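**Student:** To be precise about what I am sending: the file is called structure_1.pdb and holds PDB, C-alpha atoms.
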```pdb
ATOM      1  CA  LEU T   1     -26.652  -5.778 -65.550  1.00  0.00           C
ATOM      2  CA  THR T   2     -28.800  -8.759 -66.463  1.00  0.00           C
ATOM      3  CA  ARG T   3     -30.678  -8.692 -69.767  1.00  0.00           C
ATOM      4  CA  HIS T   4     -33.878  -7.880 -67.865  1.00  0.00           C
ATOM      5  CA  GLU T   5     -32.148  -4.930 -66.204  1.00  0.00           C
ATOM      6  CA  VAL T   6     -30.773  -3.803 -69.569  1.00  0.00           C
ATOM      7  CA  ALA T   7     -34.298  -3.966 -70.996  1.00  0.00           C
ATOM      8  CA  GLY T   8     -35.610  -1.876 -68.106  1.00  0.00           C
ATOM      9  CA  LEU T   9     -32.857   0.718 -68.465  1.00  0.00           C
ATOM     10  CA  LEU T  10     -33.398   1.085 -72.213  1.00  0.00           C
ATOM     11  CA  ALA T  11     -37.175   1.241 -71.773  1.00  0.00           C
ATOM     12  CA  LYS T  12     -36.790   4.003 -69.184  1.00  0.00           C
ATOM     13  CA  GLN T  13     -34.846   6.015 -71.773  1.00  0.00           C
ATOM     14  CA  GLY T  14     -37.581   5.415 -74.359  1.00  0.00           C
ATOM     15  CA  VAL T  15     -35.364   3.289 -76.599  1.00  0.00           C
ATOM     16  CA  VAL T  16     -37.148  -0.085 -76.503  1.00  0.00           C
ATOM     17  CA  ASP T  17     -40.241  -1.896 -75.370  1.00  0.00           C
ATOM     18  CA  SER T  18     -38.837  -3.968 -72.511  1.00  0.00           C
ATOM     19  CA  THR T  19     -41.131  -6.959 -73.067  1.00  0.00           C
ATOM     20  CA  GLN T  20     -40.190  -7.159 -76.733  1.00  0.00           C
ATOM     21  CA  PHE T  21     -36.495  -6.721 -75.912  1.00  0.00           C
ATOM     22  CA  VAL T  22     -36.548  -9.591 -73.397  1.00  0.00           C
ATOM     23  CA  ARG T  23     -38.502 -11.793 -75.809  1.00  0.00           C
ATOM     24  CA  LEU T  24     -35.968 -11.221 -78.564  1.00  0.00           C
ATOM     25  CA  SER T  25     -33.087 -11.871 -76.172  1.00  0.00           C
ATOM     26  CA  GLU T  26     -34.553 -15.377 -75.751  1.00  0.00           C
ATOM     27  CA  ASP T  27     -34.977 -16.032 -79.476  1.00  0.00           C
ATOM     28  CA  PRO T  28     -32.522 -18.800 -80.494  1.00  0.00           C
ATOM     29  CA  ASP T  29     -32.858 -17.931 -84.189  1.00  0.00           C
ATOM     30  CA  LEU T  30     -31.816 -14.323 -83.530  1.00  0.00           C
ATOM     31  CA  ALA T  31     -28.941 -15.479 -81.331  1.00  0.00           C
ATOM     32  CA  GLU T  32     -27.705 -17.770 -84.106  1.00  0.00           C
ATOM     33  CA  ARG T  33     -27.937 -14.985 -86.695  1.00  0.00           C
ATOM     34  CA  LEU T  34     -25.843 -12.811 -84.377  1.00  0.00           C
ATOM     35  CA  GLY T  35     -23.198 -15.504 -84.004  1.00  0.00           C
ATOM     36  CA  ILE T  36     -24.063 -16.565 -80.450  1.00  0.00           C
ATOM     37  CA  ARG T  37     -24.468 -20.247 -79.611  1.00  0.00           C
ATOM     38  CA  ALA T  38     -26.532 -20.009 -76.443  1.00  0.00           C
ATOM     39  CA  GLU T  39     -30.135 -20.317 -75.308  1.00  0.00           C
ATOM     40  CA  THR T  40     -30.360 -16.590 -74.527  1.00  0.00           C
ATOM     41  CA  LEU T  41     -28.248 -13.499 -75.141  1.00  0.00           C
ATOM     42  CA  GLU T  42     -27.510 -13.113 -71.436  1.00  0.00           C
ATOM     43  CA  GLY T  43     -23.809 -12.311 -71.230  1.00  0.00           C
ATOM     44  CA  TYR T  44     -23.487 -10.941 -74.767  1.00  0.00           C
ATOM     45  CA  LEU T  45     -25.309  -7.576 -74.441  1.00  0.00           C
ATOM     46  CA  PHE T  46     -22.081  -5.662 -74.072  1.00  0.00           C
ATOM     47  CA  PRO T  47     -22.058  -2.792 -71.529  1.00  0.00           C
ATOM     48  CA  GLU T  48     -20.857   0.381 -73.209  1.00  0.00           C
ATOM     49  CA  THR T  49     -21.991   3.948 -73.872  1.00  0.00           C
ATOM     50  CA  TYR T  50     -24.378   3.918 -76.830  1.00  0.00           C
ATOM     51  CA  PHE T  51     -26.254   6.573 -78.768  1.00  0.00           C
ATOM     52  CA  PHE T  52     -29.583   5.483 -80.247  1.00  0.00           C
ATOM     53  CA  ASP T  53     -32.071   6.952 -82.647  1.00  0.00           C
ATOM     54  CA  LEU T  54     -35.391   6.577 -80.840  1.00  0.00           C
ATOM     55  CA  LYS T  55     -36.789   4.971 -83.994  1.00  0.00           C
ATOM     56  CA  THR T  56     -34.287   2.101 -83.716  1.00  0.00           C
ATOM     57  CA  THR T  57     -36.004  -1.284 -83.426  1.00  0.00           C
ATOM     58  CA  GLU T  58     -35.442  -3.653 -80.527  1.00  0.00           C
ATOM     59  CA  GLU T  59     -33.721  -6.111 -82.841  1.00  0.00           C
ATOM     60  CA  ASP T  60     -31.342  -3.422 -84.124  1.00  0.00           C
ATOM     61  CA  VAL T  61     -30.484  -2.407 -80.545  1.00  0.00           C
ATOM     62  CA  ILE T  62     -29.711  -5.997 -79.632  1.00  0.00           C
ATOM     63  CA  ALA T  63     -27.630  -6.441 -82.785  1.00  0.00           C
ATOM     64  CA  LEU T  64     -25.583  -3.369 -81.870  1.00  0.00           C
ATOM     65  CA  LEU T  65     -24.910  -4.592 -78.315  1.00  0.00           C
ATOM     66  CA  VAL T  66     -23.960  -8.082 -79.461  1.00  0.00           C
ATOM     67  CA  GLY T  67     -21.869  -6.617 -82.267  1.00  0.00           C
ATOM     68  CA  GLN T  68     -19.914  -4.662 -79.675  1.00  0.00           C
ATOM     69  CA  PHE T  69     -19.280  -7.901 -77.786  1.00  0.00           C
ATOM     70  CA  HIS T  70     -17.810  -9.441 -80.946  1.00  0.00           C
ATOM     71  CA  ALA T  71     -15.702  -6.305 -81.527  1.00  0.00           C
ATOM     72  CA  VAL T  72     -14.224  -6.528 -78.011  1.00  0.00           C
ATOM     73  CA  PHE T  73     -13.809 -10.310 -77.956  1.00  0.00           C
ATOM     74  CA  ALA T  74     -11.524 -10.177 -80.963  1.00  0.00           C
ATOM     75  CA  ASP T  75      -9.696 -13.105 -82.567  1.00  0.00           C
ATOM     76  CA  SER T  76      -6.614 -12.481 -80.426  1.00  0.00           C
ATOM     77  CA  LEU T  77      -8.571 -13.333 -77.288  1.00  0.00           C
ATOM     78  CA  TYR T  78      -9.858 -16.682 -78.542  1.00  0.00           C
ATOM     79  CA  SER T  79      -6.403 -18.208 -78.098  1.00  0.00           C
ATOM     80  CA  ARG T  80      -6.694 -17.583 -74.367  1.00  0.00           C
ATOM     81  CA  LEU T  81      -9.647 -19.971 -74.107  1.00  0.00           C
ATOM     82  CA  ASP T  82      -7.351 -22.967 -74.473  1.00  0.00           C
ATOM     83  CA  ALA T  83      -5.053 -21.550 -71.794  1.00  0.00           C
ATOM     84  CA  ILE T  84      -7.856 -21.438 -69.212  1.00  0.00           C
ATOM     85  CA  LYS T  85      -9.478 -24.655 -70.540  1.00  0.00           C
ATOM     86  CA  LEU T  86     -12.905 -23.069 -71.154  1.00  0.00           C
ATOM     87  CA  ASP T  87     -14.990 -22.555 -74.276  1.00  0.00           C
ATOM     88  CA  LEU T  88     -16.387 -19.125 -75.172  1.00  0.00           C
ATOM     89  CA  HIS T  89     -19.728 -19.552 -73.385  1.00  0.00           C
ATOM     90  CA  GLN T  90     -18.030 -20.877 -70.252  1.00  0.00           C
ATOM     91  CA  ALA T  91     -15.572 -17.973 -70.274  1.00  0.00           C
ATOM     92  CA  VAL T  92     -18.378 -15.417 -70.613  1.00  0.00           C
ATOM     93  CA  THR T  93     -20.260 -17.196 -67.821  1.00  0.00           C
ATOM     94  CA  LEU T  94     -17.248 -17.010 -65.513  1.00  0.00           C
ATOM     95  CA  ALA T  95     -16.614 -13.379 -66.488  1.00  0.00           C
ATOM     96  CA  SER T  96     -20.191 -12.519 -65.504  1.00  0.00           C
ATOM     97  CA  ILE T  97     -19.531 -13.983 -62.044  1.00  0.00           C
ATOM     98  CA  VAL T  98     -16.235 -12.093 -61.744  1.00  0.00           C
ATOM     99  CA  GLU T  99     -18.086  -8.914 -62.778  1.00  0.00           C
ATOM    100  CA  ARG T 100     -20.560  -9.327 -59.915  1.00  0.00           C
ATOM    101  CA  GLU T 101     -18.104 -10.508 -57.259  1.00  0.00           C
ATOM    102  CA  ALA T 102     -15.246  -8.036 -57.850  1.00  0.00           C
ATOM    103  CA  GLN T 103     -15.661  -4.357 -57.045  1.00  0.00           C
ATOM    104  CA  ALA T 104     -11.993  -3.376 -56.781  1.00  0.00           C
ATOM    105  CA  ALA T 105     -10.365  -3.469 -60.225  1.00  0.00           C
ATOM    106  CA  SER T 106      -7.114  -4.888 -58.845  1.00  0.00           C
ATOM    107  CA  GLU T 107      -8.968  -7.913 -57.439  1.00  0.00           C
ATOM    108  CA  ARG T 108     -10.646  -9.059 -60.660  1.00  0.00           C
ATOM    109  CA  PRO T 109      -7.735 -11.250 -61.889  1.00  0.00           C
ATOM    110  CA  VAL T 110      -7.304 -12.717 -58.395  1.00  0.00           C
ATOM    111  CA  ILE T 111     -10.992 -13.592 -58.064  1.00  0.00           C
ATOM    112  CA  SER T 112     -10.878 -15.076 -61.559  1.00  0.00           C
ATOM    113  CA  GLY T 113      -7.844 -17.115 -60.484  1.00  0.00           C
ATOM    114  CA  VAL T 114      -9.659 -18.374 -57.382  1.00  0.00           C
ATOM    115  CA  PHE T 115     -12.678 -19.547 -59.369  1.00  0.00           C
ATOM    116  CA  LEU T 116     -10.555 -21.193 -62.075  1.00  0.00           C
ATOM    117  CA  ARG T 117      -8.563 -23.009 -59.391  1.00  0.00           C
ATOM    118  CA  ARG T 118     -11.765 -24.239 -57.773  1.00  0.00           C
ATOM    119  CA  LEU T 119     -12.975 -25.471 -61.162  1.00  0.00           C
ATOM    120  CA  GLN T 120      -9.708 -27.316 -61.751  1.00  0.00           C
ATOM    121  CA  LEU T 121      -9.985 -28.958 -58.321  1.00  0.00           C
ATOM    122  CA  GLN T 122     -13.659 -29.785 -58.974  1.00  0.00           C
ATOM    123  CA  ARG T 123     -14.683 -27.711 -55.977  1.00  0.00           C
ATOM    124  CA  ARG T 124     -18.004 -25.873 -55.906  1.00  0.00           C
ATOM    125  CA  LEU T 125     -17.605 -22.210 -56.854  1.00  0.00           C
ATOM    126  CA  GLU T 126     -19.840 -21.123 -53.935  1.00  0.00           C
ATOM    127  CA  SER T 127     -20.484 -17.717 -55.495  1.00  0.00           C
ATOM    128  CA  CYS T 128     -23.074 -15.599 -53.712  1.00  0.00           C
ATOM    129  CA  ALA T 129     -23.672 -13.733 -56.968  1.00  0.00           C
ATOM    130  CA  THR T 130     -24.994 -16.892 -58.614  1.00  0.00           C
ATOM    131  CA  VAL T 131     -27.385 -17.441 -55.706  1.00  0.00           C
ATOM    132  CA  GLU T 132     -28.680 -13.883 -56.075  1.00  0.00           C
ATOM    133  CA  TYR T 133     -29.283 -14.547 -59.768  1.00  0.00           C
ATOM    134  CA  ALA T 134     -31.179 -17.715 -58.873  1.00  0.00           C
ATOM    135  CA  LEU T 135     -33.262 -15.777 -56.335  1.00  0.00           C
ATOM    136  CA  GLY T 136     -33.865 -12.911 -58.744  1.00  0.00           C
ATOM    137  CA  VAL T 137     -32.944 -10.277 -56.142  1.00  0.00           C
ATOM    138  CA  HIS T 138     -29.817  -8.544 -54.853  1.00  0.00           C
ATOM    139  CA  LYS T 139     -29.327  -8.940 -51.096  1.00  0.00           C
ATOM    140  CA  LYS T 140     -26.759  -7.412 -48.770  1.00  0.00           C
ATOM    141  CA  ARG T 141     -26.422 -10.707 -46.922  1.00  0.00           C
ATOM    142  CA  LEU T 142     -27.632 -14.164 -47.932  1.00  0.00           C
ATOM    143  CA  THR T 143     -29.229 -16.497 -45.412  1.00  0.00           C
ATOM    144  CA  ASN T 144     -28.538 -20.223 -45.070  1.00  0.00           C
ATOM    145  CA  ALA T 145     -31.952 -20.806 -46.644  1.00  0.00           C
ATOM    146  CA  ASP T 146     -30.937 -18.656 -49.626  1.00  0.00           C
ATOM    147  CA  LEU T 147     -27.852 -20.812 -50.149  1.00  0.00           C
ATOM    148  CA  ARG T 148     -30.089 -23.880 -50.466  1.00  0.00           C
ATOM    149  CA  VAL T 149     -32.302 -22.430 -53.227  1.00  0.00           C
ATOM    150  CA  VAL T 150     -33.036 -25.088 -55.846  1.00  0.00           C
ATOM    151  CA  SER T 151     -31.592 -23.804 -59.110  1.00  0.00           C
ATOM    152  CA  PRO T 152     -28.929 -24.885 -61.592  1.00  0.00           C
ATOM    153  CA  PHE T 153     -27.446 -21.409 -61.026  1.00  0.00           C
ATOM    154  CA  ASN T 154     -26.838 -22.101 -57.322  1.00  0.00           C
ATOM    155  CA  THR T 155     -23.107 -22.859 -57.226  1.00  0.00           C
ATOM    156  CA  TYR T 156     -23.343 -23.734 -53.542  1.00  0.00           C
ATOM    157  CA  ARG T 157     -25.356 -26.819 -54.568  1.00  0.00           C
ATOM    158  CA  HIS T 158     -23.829 -27.661 -57.938  1.00  0.00           C
ATOM    159  CA  ARG T 159     -20.234 -28.179 -59.024  1.00  0.00           C
ATOM    160  CA  GLY T 160     -18.864 -26.435 -62.064  1.00  0.00           C
ATOM    161  CA  LEU T 161     -20.111 -23.339 -63.818  1.00  0.00           C
ATOM    162  CA  PRO T 162     -23.811 -22.456 -63.930  1.00  0.00           C
ATOM    163  CA  PRO T 163     -25.570 -23.145 -67.262  1.00  0.00           C
ATOM    164  CA  GLY T 164     -25.021 -19.602 -68.496  1.00  0.00           C
ATOM    165  CA  PRO T 165     -23.974 -16.062 -67.588  1.00  0.00           C
ATOM    166  CA  ILE T 166     -25.593 -14.237 -64.654  1.00  0.00           C
ATOM    167  CA  GLY T 167     -25.250 -10.845 -66.306  1.00  0.00           C
ATOM    168  CA  ASN T 168     -23.412  -9.048 -69.085  1.00  0.00           C
ATOM    169  CA  PRO T 169     -19.715  -8.654 -68.260  1.00  0.00           C
ATOM    170  CA  GLY T 170     -17.633  -5.739 -69.448  1.00  0.00           C
ATOM    171  CA  ARG T 171     -14.178  -5.636 -70.978  1.00  0.00           C
ATOM    172  CA  ALA T 172     -12.294  -5.652 -67.649  1.00  0.00           C
ATOM    173  CA  ALA T 173     -14.082  -8.741 -66.323  1.00  0.00           C
ATOM    174  CA  LEU T 174     -13.576 -10.586 -69.613  1.00  0.00           C
ATOM    175  CA  LEU T 175      -9.854  -9.796 -69.624  1.00  0.00           C
ATOM    176  CA  ALA T 176      -9.511 -10.779 -65.961  1.00  0.00           C
ATOM    177  CA  THR T 177     -11.101 -14.124 -66.793  1.00  0.00           C
ATOM    178  CA  LEU T 178      -8.851 -14.716 -69.781  1.00  0.00           C
ATOM    179  CA  TYR T 179      -5.738 -13.505 -67.948  1.00  0.00           C
ATOM    180  CA  PRO T 180      -6.227 -14.697 -64.344  1.00  0.00           C
ATOM    181  CA  ALA T 181      -3.663 -14.049 -61.637  1.00  0.00           C
ATOM    182  CA  PRO T 182      -1.698 -17.157 -60.602  1.00  0.00           C
ATOM    183  CA  THR T 183      -2.835 -17.844 -57.064  1.00  0.00           C
ATOM    184  CA  GLU T 184      -2.924 -20.418 -54.296  1.00  0.00           C
ATOM    185  CA  TYR T 185      -6.080 -18.842 -52.844  1.00  0.00           C
ATOM    186  CA  LEU T 186      -9.279 -20.881 -52.708  1.00  0.00           C
ATOM    187  CA  TYR T 187     -11.505 -18.567 -50.662  1.00  0.00           C
ATOM    188  CA  PHE T 188     -12.383 -14.903 -50.260  1.00  0.00           C
ATOM    189  CA  VAL T 189     -14.731 -12.936 -48.044  1.00  0.00           C
ATOM    190  CA  ALA T 190     -15.951  -9.371 -48.554  1.00  0.00           C
ATOM    191  CA  ARG T 191     -14.699  -6.786 -46.083  1.00  0.00           C
ATOM    192  CA  GLY T 192     -17.679  -4.543 -46.792  1.00  0.00           C
ATOM    193  CA  ASP T 193     -15.624  -1.762 -48.386  1.00  0.00           C
ATOM    194  CA  GLY T 194     -15.467  -3.293 -51.860  1.00  0.00           C
ATOM    195  CA  THR T 195     -12.340  -5.363 -51.165  1.00  0.00           C
ATOM    196  CA  HIS T 196     -11.881  -8.942 -49.976  1.00  0.00           C
ATOM    197  CA  ILE T 197      -9.728 -11.021 -47.649  1.00  0.00           C
ATOM    198  CA  PHE T 198      -8.266 -13.963 -49.594  1.00  0.00           C
ATOM    199  CA  SER T 199      -7.395 -17.282 -47.950  1.00  0.00           C
ATOM    200  CA  ARG T 200      -5.623 -20.490 -48.926  1.00  0.00           C
ATOM    201  CA  THR T 201      -7.317 -22.853 -46.466  1.00  0.00           C
ATOM    202  CA  ASN T 202     -10.741 -23.201 -44.929  1.00  0.00           C
ATOM    203  CA  LYS T 203      -9.213 -22.503 -41.501  1.00  0.00           C
ATOM    204  CA  GLU T 204      -7.829 -19.179 -42.742  1.00  0.00           C
ATOM    205  CA  HIS T 205     -11.173 -18.446 -44.373  1.00  0.00           C
ATOM    206  CA  GLU T 206     -13.096 -19.028 -41.135  1.00  0.00           C
ATOM    207  CA  ARG T 207     -10.702 -16.671 -39.316  1.00  0.00           C
ATOM    208  CA  ALA T 208     -11.224 -14.058 -42.024  1.00  0.00           C
ATOM    209  CA  LYS T 209     -15.017 -14.331 -41.720  1.00  0.00           C
ATOM    210  CA  SER T 210     -14.756 -13.950 -37.941  1.00  0.00           C
ATOM    211  CA  GLU T 211     -12.590 -10.859 -38.370  1.00  0.00           C
ATOM    212  CA  VAL T 212     -15.107  -9.316 -40.801  1.00  0.00           C
ATOM    213  CA  ARG T 213     -17.952  -9.945 -38.334  1.00  0.00           C
ATOM    214  CA  ARG T 214     -15.866  -8.439 -35.520  1.00  0.00           C
ATOM    215  CA  GLN T 215     -15.192  -5.313 -37.566  1.00  0.00           C
ATOM    216  CA  GLU T 216     -18.890  -5.030 -38.443  1.00  0.00           C
ATOM    217  CA  ARG T 217     -19.887  -5.240 -34.775  1.00  0.00           C
ATOM    218  CA  LEU T 218     -17.238  -2.663 -33.881  1.00  0.00           C
ATOM    219  CA  ALA T 219     -18.492  -0.287 -36.567  1.00  0.00           C
ATOM    220  CA  GLN T 220     -22.085  -0.775 -35.433  1.00  0.00           C
ATOM    221  CA  ASN T 221     -21.229  -0.068 -31.795  1.00  0.00           C
ATOM    222  CA  THR T 222     -19.270   3.016 -32.806  1.00  0.00           C
ATOM    223  CA  SER T 223     -22.207   4.368 -34.808  1.00  0.00           C
ATOM    224  CA  LEU T 224     -24.580   3.773 -31.876  1.00  0.00           C
ATOM    225  CA  ASN T 225     -22.270   5.718 -29.576  1.00  0.00           C
TER     226      ASN T 225
END
```
Let me see the structure of the file written as structure tokens.
**Tutor:**
Amino acid sequence: LTRHEVAGLLAKQGVVDSTQFVRLSEDPDLAERLGIRAETLEGYLFPETYFFDLKTTEEDVIALLVGQFHAVFADSLYSRLDAIKLDLHQAVTLASIVEREAQAASERPVISGVFLRRLQLQRRLESCATVEYALGVHKKRLTNADLRVVSPFNTYRHRGLPPGPIGNPGRAALLATLYPAPTEYLYFVARGDGTHIFSRTNKEHERAKSEVRRQERLAQNTSLN
């Protein structure tokens, strides 16, 4: 979830005032006190099961979530940052993209490997999840106009990582980012069942996209009959 979605979820449960929660998540002084060097706390509000006293303040809730991030991202994981040639904020940013793009657990390290390879080759990440974050909405299918949205988070327009996380990644996405699968893949396309077809070349990728569209048409025709 994004920090706005986290605020909404906690507000629905009567834990926080969502406006105050979002405001505090953008407070650089609070972020610094919590050991986070970033403009907002997006990416560091760790997803976990929590139990709150309803009298807990918004700041205490945020401190607990960020504290859980620090507990999970222990010292032993920091050594992996050099291995993938990213700093902490970049790694959390990439993990947030992996979190959104990967639905099948087995694919997380592969998707991480694809994105890291694209970064190393100075290729655009071309992540649909970053475009959705830029748009502020989740869409089943993005249009060509969506892919041209003007935003530093649009990785179809800009090389490299976006300026910050697009959500708050969990433990599995963080570990997949820090321990990517070695891969020659550069592309992947969603099958529609939570898994992806991975490709090494653009030609393979175009064939994979055509196959996905063919399967979608076949499924649609079957449902109409």
**Student:** In Å, with one decimal, what is the gap from CA of Thr19 in chain T to CA of Ala173 in chain T?
**Tutor:** 27.9 Å
**Student:** Rank T:Leu135, T:Leu121, T:Val98, T:Leu218 by their smallest atom-to-atom distance to Gly160 in chain T, using all atoms listed in the file, and report the top residue only.
**Tutor:**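 Selected residue with least distance to Gly160 in chain T: T:Leu121.
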**Student:** Please list as a PyMOL selection string every residue within 12 Å of Val212 in chain T, counting all atoms listed in the file and excluding residues in the same chain fewer than 5 positions away.
**Tutor:** chain T and resi 188-193+195-197+205-207+217-219
**Student:** Of the candidates T:Lys203, T:His70, T:Arg118, T:His158, which one gets nearest to Val131 in chain T if we count only C-alpha atoms?
**Tutor:** T:His158
**Student:** Quick one: which residues end up in the PyMOL selection byres ((chain T and resi 37) around 12) for this structure, as number ranges by chain?
**Tutor:** T: 26-36, 38-44, 87-90, 92, 164
**Student:** Take the residues just selected and output them with C-alpha atoms as a short mmCIF file (atom, residue, chain, number, x, y, z; two decimals), in the frame of the given file.
**Tutor:**
```cif
data_model
loop_
_atom_site.label_atom_id
_atom_site.label_comp_id
_atom_site.auth_asym_id
_atom_site.auth_seq_id
_atom_site.Cartn_x
_atom_site.Cartn_y
_atom_site.Cartn_z
CA GLU T 26 -34.55 -15.38 -75.75
CA ASP T 27 -34.98 -16.03 -79.48
CA PRO T 28 -32.52 -18.80 -80.49
CA ASP T 29 -32.86 -17.93 -84.19
CA LEU T 30 -31.82 -14.32 -83.53
CA ALA T 31 -28.94 -15.48 -81.33
CA GLU T 32 -27.70 -17.77 -84.11
CA ARG T 33 -27.94 -14.98 -86.70
CA LEU T 34 -25.84 -12.81 -84.38
CA GLY T 35 -23.20 -15.50 -84.00
CA ILE T 36 -24.06 -16.57 -80.45
CA ALA T 38 -26.53 -20.01 -76.44
CA GLU T 39 -30.14 -20.32 -75.31
CA THR T 40 -30.36 -16.59 -74.53
CA LEU T 41 -28.25 -13.50 -75.14
CA GLU T 42 -27.51 -13.11 -71.44
CA GLY T 43 -23.81 -12.31 -71.23
CA TYR T 44 -23.49 -10.94 -74.77
CA ASP T 87 -14.99 -22.56 -74.28
CA LEU T 88 -16.39 -19.12 -75.17
CA HIS T 89 -19.73 -19.55 -73.39
CA GLN T 90 -18.03 -20.88 -70.25
CA VAL T 92 -18.38 -15.42 -70.61
CA GLY T 164 -25.02 -19.60 -68.50
#
```
**Student:** Output the residue selection produced by the PyMOL selection byres ((chain T and resi 58) around 10) on the file above, formatted as a PyMOL selection string.
**Tutor:** chain T and resi 7+10+15-25+55-57+59-64
**Student:** Ranking T:Asn168, T:Thr177, T:Ser127, T:Ser106 by minimum distance to Lys85 in chain T and counting all atoms listed in the file, which one comes first?
**Tutor:**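 Between T:Asn168, T:Thr177, T:Ser127, T:Ser106, the residue approaching Lys85 in chain T most closely is T:Thr177.
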**Student:** Please compute the CA of Phe73 in chain T-CA of Pro180 in chain T distance, one decimal, in Å.
**Tutor:**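 That distance, rounded to one decimal, is 16.2 Å.
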**Student:** Rank nothing, just name the residue among T:Gly194, T:Pro109, T:Leu175, T:Pro163 nearest to Ala74 in chain T, using only C-alpha atoms.
**Tutor:** T:Leu175
**Student:** Record the distance separating CA of Val149 in chain T and CA of Asn202 in chain T, expressed in Å with one decimal.
**Tutor:**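 Separation of CA of Val149 in chain T and CA of Asn202 in chain T: 23.1 Å.
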**Student:** Let me have the centre and edge lengths of the axis-aligned box enclosing all listed atoms of range 10-20 of chain T with 8 Å padding on every side, in Å to one decimal, as AutoDock Vina command-line options.
**Tutor:**
```
--center_x -37.3 --center_y -0.6 --center_z -73.0 --size_x 23.7 --size_y 29.2 --size_z 23.5
```
**Student:** When the PyMOL selection byres ((chain T and resi 126) around 9) is applied to the structure above, which residues does it catch, written out as a PDB file with C-alpha atoms, keeping the file's coordinate frame?
**Tutor:**
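Done, and the output landed in expr-v7.pdb:
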```pdb
ATOM      1  CA  ARG T 123     -14.683 -27.711 -55.977  1.00  0.00           C
ATOM      2  CA  ARG T 124     -18.004 -25.873 -55.906  1.00  0.00           C
ATOM      3  CA  LEU T 125     -17.605 -22.210 -56.854  1.00  0.00           C
ATOM      4  CA  SER T 127     -20.484 -17.717 -55.495  1.00  0.00           C
ATOM      5  CA  CYS T 128     -23.074 -15.599 -53.712  1.00  0.00           C
ATOM      6  CA  ALA T 129     -23.672 -13.733 -56.968  1.00  0.00           C
ATOM      7  CA  THR T 130     -24.994 -16.892 -58.614  1.00  0.00           C
ATOM      8  CA  VAL T 131     -27.385 -17.441 -55.706  1.00  0.00           C
ATOM      9  CA  LEU T 147     -27.852 -20.812 -50.149  1.00  0.00           C
ATOM     10  CA  ASN T 154     -26.838 -22.101 -57.322  1.00  0.00           C
ATOM     11  CA  THR T 155     -23.107 -22.859 -57.226  1.00  0.00           C
ATOM     12  CA  TYR T 156     -23.343 -23.734 -53.542  1.00  0.00           C
ATOM     13  CA  ARG T 157     -25.356 -26.819 -54.568  1.00  0.00           C
ATOM     14  CA  HIS T 158     -23.829 -27.661 -57.938  1.00  0.00           C
ATOM     15  CA  ARG T 159     -20.234 -28.179 -59.024  1.00  0.00           C
TER      16      ARG T 159
END
```
**Student:** From the list T:Ala11, T:Leu116, T:Ala83, T:Leu94, which residue is nearest Leu54 in chain T when using only C-alpha atoms?
**Tutor:** T:Ala11
**Student:** Pick from T:Pro152, T:Thr49, T:Phe115, T:Lys140: nearest to Ile166 in chain T, with only C-alpha atoms counted?
**Tutor:**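 Counting only C-alpha atoms, the residue closest to Ile166 in chain T is T:Pro152.
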**Student:** Find the residues near Gly170 in chain T: any atom within 8 Å, counting only C-alpha atoms, skip ones fewer than 6 places away on the same chain, and give them as a list in words.
**Tutor:**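 Surrounding residues, per the criterion: Phe46, Pro47, Glu48 and Glu99 of chain T.
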